[in-house]
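Colleague: I am attaching a structure below and will ask some questions about it afterwards.
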Amino acid sequence: MSRGLAVVTGATAGIGREFAEQLAGRGHDLLLVARDRERLAGAAADLATAHGVEAEGFDADLSREDDVVRLADRLARSPRLAVLVNNAGFGSRGKLAEIEVERQAAMIRLHALAPMRLTRAALPVLLGNRAGAVVNVSSIAGFVYSAGNANYCATKAYLTTFSEGVAAELHGTGVQVQALCPGFTRTEFHGRIGTPVERHPDFAWMSARAVVAHSLRCLDRGGPVVCVPGLGYRLLVGAIRLVPRSLIGWVTRRRYDRV
Ligand SMILES: NC(=O)c1ccc[n+]([C@@H]2O[C@H](COP(=O)([O-])OP(=O)(O)OC[C@H]3O[C@@H](n4cnc5c(N)ncnc54)[C@H](OP(=O)(O)O)[C@@H]3O)[C@@H](O)[C@H]2O)c1
């Protein structure tokens, strides 16, 4: 028996692909969203075969408003919708004064505007069913600000705060919202922006499988809304909340200037 439809954005690689895998493993049918059509079709076919669920690809560039509206419309017309994972995202590196502005504008649309619109489209359906969840894949980066990463950190801070606010609005409805805040996770993310993974020590890395398993465990337990995978990262978030904000600027500036 299907446990309802799970919609995963950025489902062809990394954390999104792992969400698709684990949600299919739990018996959800899938709507997989990304830009690369061929990869989408391959992922949908593989997951359908492996888990005996229905899986469909929906190609969309979620940094484009028309594509987001098209997907939002599809969500609003999906009465079996049970889980929405707003995961699609990308990183960048460089000082704002020196990097291409259009890519940064696209990042704001993809990390902030698209999840807001898609969550808004999903909620009436989920509330009607008195069940379901929206997972917004934010980042540990949303707890800090960083030289060389100003816009990325800001978009993830938006996504975390947005999720907390909507979760407060949904209290007692049976519908959950989660801000998933992973630290360094082995995916295609860092390769796509040319950051050498050796820059960070081995112990800092988590697998997408562990990140997603933790997210789903948080949902099973009914919280917390802000879900941070990995004990080391939970301790780090606690420490960040205690240090003066100015120290974060000093540390990230030194780090950026060194590499
Ligand atoms: N990896 C990390 O260390 C890490 C840490 C914290 C948070 N995160 C967050 O986790 C999320 C997933 O990242 P990941 O590490 O799994 O990255 P990834 O391996 O690079 O996968 C990104 C996925 O998003 C899709 N995508 C990218 N731009 C898109 C767009 N404009 N419209 C639709 N789909 C798009 C990609 O497919 P197409 O290219 O075919 O569209 C791909 O399926 C992101 O929001 C990221 O910020 C990652």
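Residue names in the structure tokens use chain letters A, B, ... in the order shown, residue numbers from 1 in each chain, and ligand numbers from 1 in the order shown.
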Which residues of chain A come within 6 Å of ligand 1, and what is each one's closest atom pair and distance in Å (one decimal), counting only C-alpha atoms and all ligand atoms, sorted by chain and residue number, as JSON lines?

Modeller:
```
{"residue": "A:Gly10", "atom": "CA", "partner": "ligand 1", "partner_atom_place_in_ligand_line": "24 (O)", "distance": 3.3}
{"residue": "A:Ala11", "atom": "CA", "partner": "ligand 1", "partner_atom_place_in_ligand_line": "43 (O)", "distance": 4.5}
{"residue": "A:Thr12", "atom": "CA", "partner": "ligand 1", "partner_atom_place_in_ligand_line": "43 (O)", "distance": 3.8}
{"residue": "A:Ala13", "atom": "CA", "partner": "ligand 1", "partner_atom_place_in_ligand_line": "43 (O)", "distance": 4.3}
{"residue": "A:Gly14", "atom": "CA", "partner": "ligand 1", "partner_atom_place_in_ligand_line": "16 (O)", "distance": 3.5}
{"residue": "A:Ile15", "atom": "CA", "partner": "ligand 1", "partner_atom_place_in_ligand_line": "16 (O)", "distance": 3.8}
{"residue": "A:Gly16", "atom": "CA", "partner": "ligand 1", "partner_atom_place_in_ligand_line": "16 (O)", "distance": 5.5}
{"residue": "A:Ala34", "atom": "CA", "partner": "ligand 1", "partner_atom_place_in_ligand_line": "34 (N)", "distance": 3.7}
{"residue": "A:Arg35", "atom": "CA", "partner": "ligand 1", "partner_atom_place_in_ligand_line": "41 (O)", "distance": 3.6}
{"residue": "A:Asp36", "atom": "CA", "partner": "ligand 1", "partner_atom_place_in_ligand_line": "40 (O)", "distance": 3.8}
{"residue": "A:Ala60", "atom": "CA", "partner": "ligand 1", "partner_atom_place_in_ligand_line": "33 (C)", "distance": 5.6}
{"residue": "A:Asp61", "atom": "CA", "partner": "ligand 1", "partner_atom_place_in_ligand_line": "32 (N)", "distance": 3.6}
{"residue": "A:Leu62", "atom": "CA", "partner": "ligand 1", "partner_atom_place_in_ligand_line": "32 (N)", "distance": 3.9}
{"residue": "A:Ser63", "atom": "CA", "partner": "ligand 1", "partner_atom_place_in_ligand_line": "31 (N)", "distance": 4.7}
{"residue": "A:Asn87", "atom": "CA", "partner": "ligand 1", "partner_atom_place_in_ligand_line": "45 (O)", "distance": 4.7}
{"residue": "A:Ala88", "atom": "CA", "partner": "ligand 1", "partner_atom_place_in_ligand_line": "24 (O)", "distance": 3.8}
{"residue": "A:Gly89", "atom": "CA", "partner": "ligand 1", "partner_atom_place_in_ligand_line": "45 (O)", "distance": 3.5}
{"residue": "A:Phe90", "atom": "CA", "partner": "ligand 1", "partner_atom_place_in_ligand_line": "47 (O)", "distance": 5.3}
{"residue": "A:Val137", "atom": "CA", "partner": "ligand 1", "partner_atom_place_in_ligand_line": "45 (O)", "distance": 5.4}
{"residue": "A:Ser138", "atom": "CA", "partner": "ligand 1", "partner_atom_place_in_ligand_line": "7 (C)", "distance": 5.6}
{"residue": "A:Ser139", "atom": "CA", "partner": "ligand 1", "partner_atom_place_in_ligand_line": "7 (C)", "distance": 4.1}
{"residue": "A:Pro182", "atom": "CA", "partner": "ligand 1", "partner_atom_place_in_ligand_line": "6 (C)", "distance": 4.4}
{"residue": "A:Gly183", "atom": "CA", "partner": "ligand 1", "partner_atom_place_in_ligand_line": "5 (C)", "distance": 4.8}
{"residue": "A:Phe184", "atom": "CA", "partner": "ligand 1", "partner_atom_place_in_ligand_line": "3 (O)", "distance": 3.6}
{"residue": "A:Thr185", "atom": "CA", "partner": "ligand 1", "partner_atom_place_in_ligand_line": "3 (O)", "distance": 3.8}
{"residue": "A:Arg186", "atom": "CA", "partner": "ligand 1", "partner_atom_place_in_ligand_line": "1 (N)", "distance": 5.7}
{"residue": "A:Thr187", "atom": "CA", "partner": "ligand 1", "partner_atom_place_in_ligand_line": "19 (O)", "distance": 4.2}
{"residue": "A:Glu188", "atom": "CA", "partner": "ligand 1", "partner_atom_place_in_ligand_line": "19 (O)", "distance": 3.6}
{"residue": "A:Phe189", "atom": "CA", "partner": "ligand 1", "partner_atom_place_in_ligand_line": "20 (O)", "distance": 3.5}
```

Colleague: Excluding stretch 229-246 of chain A and its own-chain neighbours fewer than 2 positions away, which residues fall within 10 Å of it when counting only C-alpha atoms? Please give them as a ChimeraX atom specification.

Modeller: /A:140-141,143-145,180-184,203-206,210-215,218,226-227,248-251

Colleague: Atom CA of A:Val228 and atom CA of A:Arg199, how far apart in Å?

Modeller: 21.9 Å

Colleague: Could you tell me which of A:Gln178, A:Gln104, A:Gln22, A:Thr9 comes closest to A:Thr155 if we count only C-alpha atoms?

Modeller: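 Of all the options, A:Gln104 lies closest to A:Thr155.
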
Colleague: Apply DSSP to the backbone of this structure and, from stretch 1-91 of chain A, keep only the residues in helix (DSSP H, G or I); write these as a PyMOL selection string.

Modeller: chain A and resi 14-25+37-51+65-76

Colleague: Given only C-alpha atoms as the basis, pick out the residue of A:Val177, A:Ala97, A:Ala76, A:Ser146 nearest to A:Leu216.

Modeller: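 Among the listed residues, the smallest separation from A:Leu216 belongs to A:Val177.
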
Colleague: Could you tell me which of A:Asn129, A:Thr160, A:Asn151, A:Ser207 comes closest to A:Gly174 if we count only C-alpha atoms?

Modeller: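 The closest residue to A:Gly174 is A:Asn129.
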
Colleague: Report as a VMD selection string all protein, DNA and RNA residues lying within 7 Å of A:Ala72, evaluated on only C-alpha atoms, omitting residues in the same chain fewer than 4 positions from it.

Modeller: chain A and resid 68 76 117 to 118 121

Colleague: Take the residues from that selection and put them in a file with N, CA and C atoms, as a PDB file, in the first residue's frame.

Modeller:
```
ATOM      1  N   VAL A  68       8.543  27.199 -10.971  1.00  0.00           N
ATOM      2  CA  VAL A  68       8.084  27.022  -9.585  1.00  0.00           C
ATOM      3  C   VAL A  68       6.552  27.052  -9.543  1.00  0.00           C
ATOM      4  N   ALA A  76      -0.628  21.513  -5.517  1.00  0.00           N
ATOM      5  CA  ALA A  76      -1.975  21.900  -5.057  1.00  0.00           C
ATOM      6  C   ALA A  76      -3.034  20.937  -5.586  1.00  0.00           C
ATOM      7  N   ARG A 117       7.067  29.330  -1.869  1.00  0.00           N
ATOM      8  CA  ARG A 117       5.910  29.108  -2.753  1.00  0.00           C
ATOM      9  C   ARG A 117       5.436  27.660  -2.712  1.00  0.00           C
ATOM     10  N   LEU A 118       6.392  26.717  -2.698  1.00  0.00           N
ATOM     11  CA  LEU A 118       6.016  25.293  -2.735  1.00  0.00           C
ATOM     12  C   LEU A 118       5.394  24.869  -1.405  1.00  0.00           C
ATOM     13  N   ALA A 121       1.912  26.096  -1.391  1.00  0.00           N
ATOM     14  CA  ALA A 121       1.024  25.290  -2.249  1.00  0.00           C
ATOM     15  C   ALA A 121       0.689  23.958  -1.589  1.00  0.00           C
TER      16      ALA A 121
END
```

Colleague: Give the strand (DSSP E or B) residues of stretch 130-245 of chain A, as assigned by DSSP on the backbone, as a PyMOL selection string.

Modeller: chain A and resi 132-137+175-180+185-186+206-207+226-227
